[in-house]
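Engineer: This one is run-v3.tsv, TSV, N, CA and C atoms.
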chain	number	residue	atom	x	y	z
S	181	TYR	N	174.86	138.12	-33.38
S	181	TYR	CA	174.09	137.05	-33.96
S	181	TYR	C	173.18	137.52	-35.09
S	182	GLY	N	173.19	138.79	-35.37
S	182	GLY	CA	172.36	139.33	-36.43
S	182	GLY	C	172.68	138.75	-37.79
S	183	HIS	N	173.93	138.31	-37.97
S	183	HIS	CA	174.30	137.76	-39.28
S	183	HIS	C	173.50	136.49	-39.58
S	184	HIS	N	173.06	135.78	-38.56
S	184	HIS	CA	172.25	134.59	-38.80
S	184	HIS	C	170.91	134.94	-39.45
S	185	VAL	N	170.34	136.06	-39.04
S	185	VAL	CA	169.08	136.52	-39.63
S	185	VAL	C	169.27	136.85	-41.10
S	186	ILE	N	170.35	137.58	-41.39
S	186	ILE	CA	170.63	137.97	-42.78
S	186	ILE	C	170.91	136.72	-43.63
S	187	GLU	N	171.66	135.78	-43.06
S	187	GLU	CA	171.93	134.54	-43.79
S	187	GLU	C	170.64	133.78	-44.08
S	188	SER	N	169.70	133.79	-43.13
S	188	SER	CA	168.41	133.13	-43.35
S	188	SER	C	167.62	133.80	-44.47
S	189	VAL	N	167.70	135.14	-44.52
S	189	VAL	CA	167.03	135.85	-45.62
S	189	VAL	C	167.66	135.46	-46.95
S	190	LEU	N	168.98	135.31	-46.98
S	190	LEU	CA	169.64	134.88	-48.22
S	190	LEU	C	169.20	133.47	-48.62
S	191	ASP	N	168.96	132.63	-47.63
S	191	ASP	CA	168.51	131.26	-47.91
S	191	ASP	C	167.03	131.17	-48.25
S	192	TYR	N	166.18	131.89	-47.47
S	192	TYR	CA	164.74	131.65	-47.54
S	192	TYR	C	163.88	132.88	-47.82
S	193	GLY	N	164.50	134.04	-47.92
S	193	GLY	CA	163.74	135.26	-48.11
S	193	GLY	C	163.13	135.38	-49.50
S	194	LEU	N	162.31	136.40	-49.64
S	194	LEU	CA	161.73	136.69	-50.94
S	194	LEU	C	162.82	137.11	-51.91
S	195	GLN	N	162.59	136.92	-53.18
S	195	GLN	CA	163.57	137.26	-54.22
S	195	GLN	C	164.01	138.72	-54.10
S	196	ARG	N	163.06	139.64	-53.86
S	196	ARG	CA	163.43	141.05	-53.77
S	196	ARG	C	164.28	141.33	-52.54
S	197	GLN	N	164.05	140.60	-51.45
S	197	GLN	CA	164.88	140.76	-50.25
S	197	GLN	C	166.30	140.27	-50.52
S	198	GLN	N	166.40	139.13	-51.17
S	198	GLN	CA	167.71	138.58	-51.51
S	198	GLN	C	168.45	139.52	-52.46
S	199	ALA	N	167.75	140.03	-53.46
S	199	ALA	CA	168.36	140.95	-54.42
S	199	ALA	C	168.86	142.21	-53.72
S	200	PHE	N	168.07	142.73	-52.78
S	200	PHE	CA	168.48	143.91	-52.03
S	200	PHE	C	169.76	143.64	-51.25
S	201	LEU	N	169.82	142.50	-50.57
S	201	LEU	CA	171.00	142.17	-49.77
S	201	LEU	C	172.24	141.97	-50.64
S	202	LEU	N	172.06	141.30	-51.77
S	202	LEU	CA	173.20	141.09	-52.67
S	202	LEU	C	173.71	142.42	-53.23
S	203	GLN	N	172.80	143.31	-53.59
S	203	GLN	CA	173.20	144.63	-54.09
S	203	GLN	C	173.93	145.42	-53.00
S	204	PHE	N	173.42	145.35	-51.78
S	204	PHE	CA	174.05	146.04	-50.65
S	204	PHE	C	175.46	145.50	-50.43
S	205	LEU	N	175.61	144.20	-50.52
S	205	LEU	CA	176.93	143.59	-50.36
S	205	LEU	C	177.88	144.05	-51.46
S	206	LYS	N	177.40	144.08	-52.68
S	206	LYS	CA	178.25	144.53	-53.79
S	206	LYS	C	178.73	145.95	-53.58
S	207	GLU	N	177.85	146.81	-53.07
S	207	GLU	CA	178.20	148.23	-52.89
S	207	GLU	C	179.04	148.48	-51.65
S	208	ASN	N	179.04	147.57	-50.70
S	208	ASN	CA	179.72	147.78	-49.42
S	208	ASN	C	180.63	146.60	-49.06
S	209	HIS	N	181.20	145.97	-50.07
S	209	HIS	CA	181.93	144.72	-49.86
S	209	HIS	C	183.12	144.87	-48.91
S	210	VAL	N	183.82	145.99	-48.96
S	210	VAL	CA	185.00	146.15	-48.09
S	210	VAL	C	184.56	146.25	-46.63
S	211	ARG	N	183.62	147.11	-46.38
S	211	ARG	CA	183.16	147.31	-45.00
S	211	ARG	C	182.55	146.03	-44.44
S	212	ILE	N	181.76	145.34	-45.23
S	212	ILE	CA	181.09	144.13	-44.77
S	212	ILE	C	182.10	143.01	-44.54
S	213	THR	N	183.00	142.80	-45.47
S	213	THR	CA	183.97	141.71	-45.35
S	213	THR	C	185.01	141.99	-44.27
S	214	SER	N	185.24	143.24	-43.94
S	214	SER	CA	186.20	143.59	-42.89
S	214	SER	C	185.66	143.31	-41.50
S	215	ASN	N	184.37	143.09	-41.40
S	215	ASN	CA	183.71	142.80	-40.13
S	215	ASN	C	183.50	141.30	-40.02
S	216	ARG	N	183.77	140.74	-38.86
S	216	ARG	CA	183.66	139.29	-38.66
S	216	ARG	C	182.28	138.77	-39.05
S	217	SER	N	181.23	139.35	-38.49
S	217	SER	CA	179.87	138.88	-38.79
S	217	SER	C	179.51	139.15	-40.25
S	218	GLY	N	179.93	140.29	-40.76
S	218	GLY	CA	179.67	140.62	-42.16
S	218	GLY	C	180.33	139.64	-43.10
S	219	ALA	N	181.53	139.19	-42.74
S	219	ALA	CA	182.24	138.24	-43.59
S	219	ALA	C	181.50	136.91	-43.68
S	220	PHE	N	180.84	136.51	-42.58
S	220	PHE	CA	180.02	135.30	-42.64
S	220	PHE	C	178.87	135.48	-43.63
S	221	VAL	N	178.28	136.66	-43.64
S	221	VAL	CA	177.20	136.95	-44.59
S	221	VAL	C	177.74	136.91	-46.02
S	222	ALA	N	178.93	137.47	-46.22
S	222	ALA	CA	179.54	137.47	-47.54
S	222	ALA	C	179.79	136.04	-48.02
S	223	GLN	N	180.27	135.18	-47.12
S	223	GLN	CA	180.49	133.78	-47.49
S	223	GLN	C	179.18	133.12	-47.91
S	224	LYS	N	178.13	133.36	-47.13
S	224	LYS	CA	176.82	132.79	-47.45
S	224	LYS	C	176.33	133.32	-48.80
S	225	ALA	N	176.49	134.62	-49.03
S	225	ALA	CA	176.04	135.22	-50.28
S	225	ALA	C	176.75	134.57	-51.48
S	226	LEU	N	178.04	134.33	-51.35
S	226	LEU	CA	178.78	133.69	-52.44
S	226	LEU	C	178.27	132.27	-52.70
S	227	SER	N	177.82	131.61	-51.64
S	227	SER	CA	177.39	130.22	-51.82
S	227	SER	C	175.96	130.10	-52.35
S	228	VAL	N	175.12	131.13	-52.14
S	228	VAL	CA	173.72	131.01	-52.58
S	228	VAL	C	173.38	131.86	-53.81
S	229	ALA	N	174.25	132.78	-54.17
S	229	ALA	CA	173.94	133.68	-55.30
S	229	ALA	C	173.93	132.91	-56.62
S	230	ASN	N	173.14	133.43	-57.55
S	230	ASN	CA	173.16	132.83	-58.88
S	230	ASN	C	174.49	133.21	-59.55
S	231	ASN	N	174.78	132.59	-60.67
S	231	ASN	CA	176.08	132.80	-61.33
S	231	ASN	C	176.33	134.26	-61.68
S	232	PHE	N	175.31	134.97	-62.13
S	232	PHE	CA	175.46	136.38	-62.51
S	232	PHE	C	175.83	137.22	-61.30
S	233	ASP	N	175.07	137.10	-60.20
S	233	ASP	CA	175.35	137.88	-59.00
S	233	ASP	C	176.69	137.50	-58.39
S	234	ARG	N	176.99	136.20	-58.38
S	234	ARG	CA	178.27	135.75	-57.84
S	234	ARG	C	179.43	136.36	-58.62
S	235	ALA	N	179.32	136.36	-59.93
S	235	ALA	CA	180.39	136.94	-60.77
S	235	ALA	C	180.56	138.42	-60.48
S	236	GLN	N	179.45	139.14	-60.29
S	236	GLN	CA	179.54	140.57	-59.96
S	236	GLN	C	180.20	140.79	-58.60
S	237	MET	N	179.85	139.96	-57.63
S	237	MET	CA	180.47	140.09	-56.30
S	237	MET	C	181.96	139.79	-56.37
S	238	VAL	N	182.32	138.74	-57.07
S	238	VAL	CA	183.73	138.39	-57.21
S	238	VAL	C	184.49	139.55	-57.84
S	239	GLU	N	183.93	140.16	-58.87
S	239	GLU	CA	184.58	141.30	-59.52
S	239	GLU	C	184.82	142.45	-58.54
S	240	ARG	N	183.85	142.70	-57.68
S	240	ARG	CA	184.01	143.78	-56.68
S	240	ARG	C	185.20	143.50	-55.78
S	241	TRP	N	185.30	142.26	-55.29
S	241	TRP	CA	186.42	141.94	-54.42
S	241	TRP	C	187.74	142.02	-55.19
S	242	LEU	N	187.75	141.56	-56.42
S	242	LEU	CA	188.99	141.56	-57.20
S	242	LEU	C	189.41	142.96	-57.62
S	243	ASP	N	188.47	143.91	-57.64
S	243	ASP	CA	188.79	145.29	-57.98
S	243	ASP	C	189.27	146.09	-56.76
S	244	SER	N	189.42	145.45	-55.63
S	244	SER	CA	189.83	146.13	-54.39
S	244	SER	C	191.30	146.52	-54.43
S	245	THR	N	191.65	147.47	-53.59
S	245	THR	CA	193.05	147.85	-53.44
S	245	THR	C	193.72	146.89	-52.44
S	246	PRO	N	195.05	146.78	-52.48
S	246	PRO	CA	195.73	145.94	-51.49
S	246	PRO	C	195.41	146.37	-50.05
S	247	GLU	N	195.24	147.66	-49.82
S	247	GLU	CA	194.91	148.15	-48.48
S	247	GLU	C	193.54	147.64	-48.04
S	248	ASP	N	192.59	147.64	-48.96
S	248	ASP	CA	191.26	147.12	-48.65
S	248	ASP	C	191.31	145.61	-48.41
S	249	VAL	N	192.09	144.91	-49.21
S	249	VAL	CA	192.22	143.46	-49.03
S	249	VAL	C	192.83	143.17	-47.66
S	250	ALA	N	193.83	143.95	-47.26
S	250	ALA	CA	194.45	143.76	-45.94
S	250	ALA	C	193.41	143.90	-44.84
S	251	ALA	N	192.52	144.87	-44.96
S	251	ALA	CA	191.46	145.05	-43.96
S	251	ALA	C	190.49	143.88	-43.99
S	252	MET	N	190.17	143.40	-45.20
S	252	MET	CA	189.18	142.32	-45.32
S	252	MET	C	189.71	140.99	-44.80
S	253	VAL	N	191.01	140.73	-44.92
S	253	VAL	CA	191.56	139.45	-44.47
S	253	VAL	C	192.07	139.52	-43.04
S	254	SER	N	191.71	140.56	-42.32
S	254	SER	CA	192.20	140.72	-40.95
S	254	SER	C	191.50	139.79	-39.96
S	255	THR	N	190.42	139.13	-40.37
S	255	THR	CA	189.73	138.17	-39.51
S	255	THR	C	189.68	136.81	-40.21
S	256	PRO	N	189.60	135.72	-39.44
S	256	PRO	CA	189.45	134.41	-40.08
S	256	PRO	C	188.22	134.34	-40.99
S	257	ALA	N	187.14	135.02	-40.62
S	257	ALA	CA	185.94	135.01	-41.47
S	257	ALA	C	186.22	135.70	-42.81
S	258	GLY	N	186.92	136.82	-42.76
S	258	GLY	CA	187.29	137.51	-44.00
S	258	GLY	C	188.22	136.67	-44.85
S	259	GLN	N	189.10	135.94	-44.18
S	259	GLN	CA	189.99	135.03	-44.90
S	259	GLN	C	189.18	133.93	-45.57
S	260	GLY	N	188.08	133.53	-44.93
S	260	GLY	CA	187.20	132.52	-45.53
S	260	GLY	C	186.59	133.00	-46.84
S	261	VAL	N	186.27	134.30	-46.91
S	261	VAL	CA	185.76	134.86	-48.16
S	261	VAL	C	186.81	134.71	-49.25
S	262	PHE	N	188.06	135.01	-48.91
S	262	PHE	CA	189.10	134.92	-49.92
S	262	PHE	C	189.43	133.48	-50.28
S	263	LYS	N	189.21	132.53	-49.37
S	263	LYS	CA	189.33	131.12	-49.73
S	263	LYS	C	188.30	130.77	-50.80
S	264	LEU	N	187.08	131.27	-50.63
S	264	LEU	CA	186.04	131.02	-51.64
S	264	LEU	C	186.42	131.66	-52.98
S	265	LEU	N	187.02	132.85	-52.92
S	265	LEU	CA	187.45	133.51	-54.16
S	265	LEU	C	188.55	132.70	-54.84
S	266	LEU	N	189.45	132.12	-54.05
S	266	LEU	CA	190.52	131.30	-54.63
S	266	LEU	C	189.94	130.11	-55.39
S	267	ALA	N	188.81	129.61	-54.93
S	267	ALA	CA	188.19	128.44	-55.56
S	267	ALA	C	187.24	128.82	-56.70
S	268	HIS	N	186.99	130.11	-56.90
S	268	HIS	CA	186.00	130.54	-57.89
S	268	HIS	C	186.40	130.15	-59.30
S	269	ASP	N	187.54	130.60	-59.75
S	269	ASP	CA	188.07	130.23	-61.06
S	269	ASP	C	189.55	130.60	-61.11
S	270	ALA	N	190.21	130.21	-62.18
S	270	ALA	CA	191.66	130.40	-62.28
S	270	ALA	C	192.05	131.88	-62.28
S	271	ARG	N	191.26	132.72	-62.92
S	271	ARG	CA	191.58	134.15	-62.96
S	271	ARG	C	191.46	134.76	-61.57
S	272	ALA	N	190.41	134.40	-60.85
S	272	ALA	CA	190.23	134.92	-59.49
S	272	ALA	C	191.36	134.43	-58.58
S	273	GLU	N	191.72	133.17	-58.74
S	273	GLU	CA	192.81	132.61	-57.94
S	273	GLU	C	194.11	133.38	-58.19
S	274	ALA	N	194.42	133.63	-59.46
S	274	ALA	CA	195.65	134.36	-59.79
S	274	ALA	C	195.63	135.76	-59.19
S	275	GLN	N	194.49	136.42	-59.24
S	275	GLN	CA	194.41	137.78	-58.72
S	275	GLN	C	194.52	137.80	-57.19
S	276	VAL	N	193.87	136.85	-56.53
S	276	VAL	CA	193.96	136.79	-55.06
S	276	VAL	C	195.40	136.49	-54.64
S	277	LEU	N	196.04	135.56	-55.32
S	277	LEU	CA	197.44	135.26	-54.99
S	277	LEU	C	198.33	136.48	-55.25
S	278	GLY	N	197.97	137.28	-56.24
S	278	GLY	CA	198.68	138.54	-56.47
S	278	GLY	C	198.52	139.49	-55.29
S	279	PHE	N	197.32	139.55	-54.73
S	279	PHE	CA	197.10	140.36	-53.52
S	279	PHE	C	197.99	139.86	-52.38
S	280	PHE	N	198.11	138.54	-52.25
S	280	PHE	CA	198.87	137.97	-51.14
S	280	PHE	C	200.36	138.31	-51.23
S	281	GLN	N	200.81	138.76	-52.39
S	281	GLN	CA	202.21	139.14	-52.54
S	281	GLN	C	202.50	140.54	-52.00
S	282	HIS	N	201.45	141.33	-51.78
S	282	HIS	CA	201.64	142.67	-51.23
S	282	HIS	C	201.99	142.59	-49.75
S	283	GLU	N	202.97	143.35	-49.34
S	283	GLU	CA	203.43	143.30	-47.95
S	283	GLU	C	202.31	143.62	-46.97
S	284	ILE	N	201.49	144.62	-47.28
S	284	ILE	CA	200.43	145.01	-46.36
S	284	ILE	C	199.42	143.88	-46.16
S	285	VAL	N	199.14	143.12	-47.20
S	285	VAL	CA	198.21	141.99	-47.11
S	285	VAL	C	198.87	140.86	-46.32
S	286	GLN	N	200.13	140.58	-46.60
S	286	GLN	CA	200.84	139.53	-45.87
S	286	GLN	C	200.89	139.85	-44.38
S	287	GLN	N	201.15	141.11	-44.03
S	287	GLN	CA	201.21	141.48	-42.61
S	287	GLN	C	199.87	141.24	-41.94
S	288	SER	N	198.79	141.51	-42.63
S	288	SER	CA	197.45	141.26	-42.08
S	288	SER	C	197.21	139.76	-41.91
S	289	LEU	N	197.58	138.98	-42.90
S	289	LEU	CA	197.38	137.53	-42.83
S	289	LEU	C	198.26	136.89	-41.75
S	290	LEU	N	199.44	137.42	-41.54
S	290	LEU	CA	200.36	136.85	-40.55
S	290	LEU	C	199.87	137.01	-39.12
S	291	GLN	N	198.88	137.86	-38.91
S	291	GLN	CA	198.39	138.13	-37.55
S	291	GLN	C	197.55	136.99	-36.97
S	292	THR	N	197.04	136.08	-37.81
S	292	THR	CA	196.21	134.99	-37.30
S	292	THR	C	196.73	133.65	-37.80
S	293	LYS	N	196.42	132.62	-37.04
S	293	LYS	CA	196.80	131.26	-37.40
S	293	LYS	C	196.20	130.88	-38.75
S	294	HIS	N	194.93	131.24	-38.98
S	294	HIS	CA	194.27	130.90	-40.24
S	294	HIS	C	194.91	131.64	-41.41
S	295	GLY	N	195.29	132.88	-41.19
S	295	GLY	CA	195.95	133.66	-42.23
S	295	GLY	C	197.30	133.08	-42.60
S	296	ARG	N	198.06	132.67	-41.57
S	296	ARG	CA	199.36	132.05	-41.84
S	296	ARG	C	199.17	130.74	-42.61
S	297	GLY	N	198.13	129.99	-42.24
S	297	GLY	CA	197.84	128.75	-42.95
S	297	GLY	C	197.47	128.99	-44.40
S	298	LEU	N	196.73	130.06	-44.63
S	298	LEU	CA	196.34	130.42	-45.99
S	298	LEU	C	197.57	130.75	-46.84
S	299	LEU	N	198.49	131.49	-46.25
S	299	LEU	CA	199.73	131.81	-46.97
S	299	LEU	C	200.54	130.55	-47.25
S	300	GLU	N	200.71	129.72	-46.22
S	300	GLU	CA	201.50	128.49	-46.39
S	300	GLU	C	200.87	127.56	-47.42
S	301	ALA	N	199.55	127.46	-47.41
S	301	ALA	CA	198.86	126.57	-48.34
S	301	ALA	C	199.08	126.96	-49.80
S	302	HIS	N	199.44	128.21	-50.01
S	302	HIS	CA	199.64	128.68	-51.39
S	302	HIS	C	201.11	129.00	-51.68
S	303	GLY	N	202.01	128.39	-50.91
S	303	GLY	CA	203.43	128.43	-51.22
S	303	GLY	C	204.19	129.65	-50.76
S	304	PHE	N	203.61	130.46	-49.88
S	304	PHE	CA	204.32	131.64	-49.39
S	304	PHE	C	205.13	131.24	-48.16
S	305	ALA	N	206.40	131.62	-48.16
S	305	ALA	CA	207.27	131.34	-47.01
S	305	ALA	C	206.94	132.31	-45.88
S	306	LEU	N	206.84	131.76	-44.68
S	306	LEU	CA	206.56	132.59	-43.52
S	306	LEU	C	207.85	133.03	-42.86
S	307	PRO	N	207.90	134.27	-42.36
S	307	PRO	CA	209.08	134.69	-41.60
S	307	PRO	C	209.19	133.82	-40.36
S	308	ALA	N	210.40	133.59	-39.90
S	308	ALA	CA	210.62	132.72	-38.74
S	308	ALA	C	209.83	133.18	-37.52
S	309	ALA	N	209.74	134.48	-37.30
S	309	ALA	CA	209.02	135.00	-36.14
S	309	ALA	C	207.52	134.70	-36.23
S	310	ALA	N	206.97	134.65	-37.42
S	310	ALA	CA	205.54	134.41	-37.58
S	310	ALA	C	205.15	132.99	-37.17
S	311	ALA	N	206.05	132.06	-37.33
S	311	ALA	CA	205.75	130.67	-37.00
S	311	ALA	C	205.56	130.45	-35.52
S	312	THR	N	206.06	131.35	-34.69
S	312	THR	CA	205.95	131.19	-33.24
S	312	THR	C	204.75	131.86	-32.64
S	313	ILE	N	204.00	132.67	-33.42
S	313	ILE	CA	202.81	133.36	-32.92
S	313	ILE	C	201.71	132.31	-32.75
S	314	LYS	N	201.04	132.30	-31.60
S	314	LYS	CA	200.10	131.22	-31.29
S	314	LYS	C	198.64	131.49	-31.67
S	315	ASN	N	198.20	132.73	-31.90
S	315	ASN	CA	196.76	132.98	-32.11
S	315	ASN	C	196.23	132.42	-33.38
Represent the structure contained in this file as structure tokens.
Structural biologist:
Amino acid sequence: YGHHVIESVLDYGLQRQQAFLLQFLKENHVRITSNRSGAFVAQKALSVANNFDRAQMVERWLDSTPEDVAAMVSTPAGQGVFKLLLAHDARAEAQVLGFFQHEIVQQSLLQTKHGRGLLEAHGFALPAAAATIKN
């Protein structure tokens, strides 16, 4: 439940506290987004950051390797971060969809119902075996 405290600081904290958290997120985006609670914080940060900070955060995620993206989308919360990135702008959407074409990222997304839905929503065909997985 610690992520709720961090999210509150992002909403109501002092400017320097918010700046510290956003900088920490930018520097540790893979580790934070790969964690369920951390991914909720990342989603909140994307929604409350000013345009400059949001653009910097988006760039960090888009500069990730496919292996890092696979780790980040391994949870529904991490997938939520990438849903926000898909909605950021056309360039971010194209780059995220490019990540989804990598086998390692697809395998990670196929492990959860939300991940499979994310792939289907963007026109990726699911293997027949993936459609029967219930989680």
Engineer: Would you compute, for all listed atoms of segment 194-204 of chain S, the axis-aligned bounding box grown by 5 Å on each side, and then report its centre and edge lengths in Å rounded to one decimal, as AutoDock Vina command-line options?
Structural biologist:
--center_x 168.6 --center_y 141.2 --center_z -52.0 --size_x 23.7 --size_y 19.6 --size_z 14.8
Engineer: What does the structure give for the distance between atom CA of Ala199 of chain S and atom CA of Ala229 of chain S, in Å to one decimal?
Structural biologist: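 Rounded to one decimal, the two atoms are 9.2 Å apart.
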Engineer: Would you list the contacts of Phe262 of chain S as JSON, numbers by chain, taking every protein, DNA or RNA residue within 8 Å and counting only N, CA and C atoms, but skipping same-chain residues closer than 5 positions in sequence?
Structural biologist: {"S": [223, 252, 253, 256, 257, 267, 268, 276]}
Engineer: Can you work out which one of S:Leu190, S:Ala251, S:Leu277, S:Val210 has the shortest atom-to-atom distance to Ala225 of chain S, counting all atoms listed in the file?
Structural biologist: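 Selected residue with least distance to Ala225 of chain S: S:Leu190.
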Engineer: What is the atom CA of Gly297 of chain S to atom CA of Gln236 of chain S distance in Å?
Structural biologist: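 So the two atoms, atom CA of Gly297 of chain S and atom CA of Gln236 of chain S, lie 27.6 Å apart.
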Engineer: Name the residues in contact with Leu205 of chain S at a cut-off of 10 Å, using only C-alpha atoms, excluding same-chain residues fewer than 2 positions from it; report them as a PyMOL selection string.
Structural biologist: chain S and resi 199-203+207-213+218+221-222+225+237+240
Engineer: Between S:His184, S:His302, S:Lys224, S:Lys206, which has the minimum distance to Val261 of chain S (counting only N, CA and C atoms)?
Structural biologist: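 When distances to Val261 of chain S are compared using only N, CA and C atoms, the smallest one comes from S:Lys224.
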Engineer: Interatomic distance between atom CA of Gly258 of chain S and atom CA of Arg216 of chain S?
Structural biologist: 6.7 Å
Engineer: Please list as a ChimeraX atom specification every residue within 6.5 Å of Ser288 of chain S, counting all atoms listed in the file and excluding residues in the same chain fewer than 5 positions away.
Structural biologist: /S:250,253-254,283,295
